[in-house]
Amino acid sequence: MFYEPGLNNHGLPHNPLKAIVAPRPIGWISTLSEQGVANLAPYSFFNLVSENPAIVMFSSSGLKDTARHARATGAFVCNLATRALMEAVNLTSTPLPPGESEFDLAGLARAPCHVVSPPRVAEAPCALECVWIDTVQMVDRFGRATGSHVTYGEIVGIHIDDRFLDAGRVCIERLQPLSRAGYLDYAWVEAVTPLPRPR
Ligand SMILES: Cc1cc2nc3c(=O)[nH]c(=O)nc-3n(C[C@H](O)[C@H](O)[C@H](O)COP(=O)(O)O)c2cc1C
């Protein structure tokens, strides 16, 4: 089959696009509101986009709380979503009224960060402390503004639970990082295979 996404003429019961660009890593992003309430939500339009300096991005469909807080306070934290935390991750996508925290809804503990103000998820085995760089509203190919806003942040602190280190390497099989597939599906990594790059 072939279809043109702008015309949405795939003829399928659900949009297949996110099942094709999959699995996507999940940035489980904690921020602080300007009133100091801890916010937490999963973002699968998320990735590492630069190694040195270390920069991550996430994209908000509409300017959601996470994107607004990151811009207003200058900081956010990307907690690692894992298979063991899948239900909690999912629960934190619940829209809550201002003043209520997804940490409490999901029964998660707040752990302090070293450099930035928002708390990290104590149960998450890794977390990236980020300083906000920019928020960019995406335009389409005609230059028209879209509802998608991409937030960039520089990683200024990295937490790794030592139990997930093995011979000096982060053990992905043990972490079982969670990712988003299409539809309502999650996937996780259970096995990896090293393959040296060709010279
Ligand atoms: C696994 C998963 C991934 C998600 N990824 C995104 C995303 O990339 N962008 C987005 O705008 N919403 C995404 N959502 C929806 C948000 O998590 C949801 O709208 C949430 O309430 C936003 O919270 P906030 O307003 O506190 O930022 C995702 C939801 C789930 C369950």
# chains A, B, ... in the order shown; residues from 1 in each chain; ligands from 1
>>> residues_around(residues="Glu4 (chain A)", least_positions_apart="4", cutoff="12 Å", atoms="only C-alpha atoms", output="mmCIF file with N, CA and C atoms, in the first residue's frame")
data_model
loop_
_atom_site.group_PDB
_atom_site.id
_atom_site.type_symbol
_atom_site.label_atom_id
_atom_site.label_comp_id
_atom_site.auth_asym_id
_atom_site.auth_seq_id
_atom_site.Cartn_x
_atom_site.Cartn_y
_atom_site.Cartn_z
ATOM 1 N N ASN A 8 -4.177 11.832 4.835
ATOM 2 C CA ASN A 8 -4.698 10.845 5.785
ATOM 3 C C ASN A 8 -5.561 9.785 5.110
ATOM 4 N N ASN A 9 -5.117 9.351 3.948
ATOM 5 C CA ASN A 9 -5.927 8.423 3.161
ATOM 6 C C ASN A 9 -5.391 6.997 3.235
ATOM 7 N N HIS A 10 -4.984 6.578 4.430
ATOM 8 C CA HIS A 10 -4.435 5.225 4.558
ATOM 9 C C HIS A 10 -5.529 4.155 4.532
ATOM 10 N N GLY A 11 -6.756 4.542 4.835
ATOM 11 C CA GLY A 11 -7.856 3.582 4.760
ATOM 12 C C GLY A 11 -7.826 2.524 5.847
ATOM 13 N N ASN A 15 -4.186 5.257 12.415
ATOM 14 C CA ASN A 15 -3.023 5.817 11.728
ATOM 15 C C ASN A 15 -1.792 4.916 11.962
ATOM 16 N N PRO A 16 -1.183 4.410 10.875
ATOM 17 C CA PRO A 16 -0.066 3.472 11.059
ATOM 18 C C PRO A 16 1.290 4.130 11.305
ATOM 19 N N LEU A 17 1.374 5.460 11.190
ATOM 20 C CA LEU A 17 2.686 6.122 11.165
ATOM 21 C C LEU A 17 3.547 5.790 12.382
#
>>> closest_atom_pairs(of="chain A", to="ligand 1", cutoff="9 Å", atoms="only C-alpha atoms and all ligand atoms", output="tab-separated table")
residue	atom	partner	partner_atom_place_in_ligand_line	distance
A:Arg24	CA	ligand 1	3 (C)	8.9
A:Pro25	CA	ligand 1	1 (C)	9.0
A:Ile26	CA	ligand 1	3 (C)	6.4
A:Gly27	CA	ligand 1	5 (N)	8.1
A:Trp28	CA	ligand 1	3 (C)	8.4
A:Ile29	CA	ligand 1	27 (O)	8.0
A:Ser30	CA	ligand 1	26 (O)	8.5
A:Thr31	CA	ligand 1	26 (O)	8.5
A:Asn39	CA	ligand 1	26 (O)	5.7
A:Leu40	CA	ligand 1	26 (O)	5.9
A:Ala41	CA	ligand 1	17 (O)	4.7
A:Pro42	CA	ligand 1	17 (O)	4.4
A:Tyr43	CA	ligand 1	5 (N)	3.4
A:Ser44	CA	ligand 1	8 (O)	3.9
A:Phe45	CA	ligand 1	8 (O)	3.6
A:Phe46	CA	ligand 1	8 (O)	6.3
A:Phe58	CA	ligand 1	8 (O)	6.5
A:Ser59	CA	ligand 1	9 (N)	5.3
A:Ser60	CA	ligand 1	11 (O)	3.5
A:Ser61	CA	ligand 1	11 (O)	3.7
A:Gly62	CA	ligand 1	11 (O)	6.3
A:Leu63	CA	ligand 1	11 (O)	7.7
A:Lys64	CA	ligand 1	25 (O)	4.1
A:Asp65	CA	ligand 1	25 (O)	3.8
A:Thr66	CA	ligand 1	27 (O)	3.7
A:Ala67	CA	ligand 1	27 (O)	6.4
A:Arg68	CA	ligand 1	27 (O)	8.0
A:His69	CA	ligand 1	27 (O)	8.4
A:Met86	CA	ligand 1	1 (C)	8.9
A:Val89	CA	ligand 1	31 (C)	7.0
A:Asn90	CA	ligand 1	31 (C)	4.8
A:Leu91	CA	ligand 1	31 (C)	7.5
A:Thr92	CA	ligand 1	17 (O)	6.9
A:Ser93	CA	ligand 1	17 (O)	4.0
A:Thr94	CA	ligand 1	21 (O)	4.8
A:Pro95	CA	ligand 1	21 (O)	4.1
A:Leu96	CA	ligand 1	21 (O)	7.2
A:Ser101	CA	ligand 1	26 (O)	8.8
A:Glu102	CA	ligand 1	26 (O)	8.0
A:Ser148	CA	ligand 1	11 (O)	7.7
A:His149	CA	ligand 1	11 (O)	8.5
A:Leu178	CA	ligand 1	1 (C)	8.9
A:Ser179	CA	ligand 1	1 (C)	7.4
A:Arg180	CA	ligand 1	1 (C)	5.5
A:Ala181	CA	ligand 1	1 (C)	8.5
A:Leu184	CA	ligand 1	31 (C)	7.9
A:Asp185	CA	ligand 1	1 (C)	8.3
A:Tyr186	CA	ligand 1	1 (C)	7.3
>>> residues_around(residues="Leu128 (chain A)", least_positions_apart="4", cutoff="12 Å", atoms="only C-alpha atoms", output="MDAnalysis selection string")
chainID A and resid 27:30 47:48 54:57 75:81 113:116 118:121 124 153:160
>>> atom_distance(atom1="CA of Ala19 (chain A)", atom2="CA of Gln176 (chain A)")
19.9 Å
>>> select_by_dssp(residues="region 25-132 of chain A", states="helix (DSSP H, G or I)", output="list of chain:residue names")
A:Asp65, A:Thr66, A:Ala67, A:Arg68, A:His69, A:Ala70, A:Arg71, A:Ala72, A:Thr73, A:Arg83, A:Ala84, A:Leu85, A:Met86, A:Glu87, A:Ala88, A:Val89, A:Asn90, A:Leu91, A:Glu102, A:Phe103, A:Asp104, A:Leu105
>>> closest_residue(among="A:Ala106, A:Val131, A:Ala22, A:Val192", to="Glu87 (chain A)", atoms="only C-alpha atoms")
A:Ala106
>>> atom_distance(atom1="CA of Leu7 (chain A)", atom2="CA of Val136 (chain A)")
25.0 Å
>>> select_by_dssp(residues="region 73-145 of chain A", states="strand (DSSP E or B)", output="list in words")
Ala75, Phe76, Val77, Cys78, Asn79, Leu80, Thr82, Arg110, Ala111, Arg120, Val121, Cys126, Ala127, Leu128, Glu129, Cys130, Val131, Trp132, Ile133, Asp134, Thr135, Val136, Gln137, Met138, Val139 and Ala145 of chain A
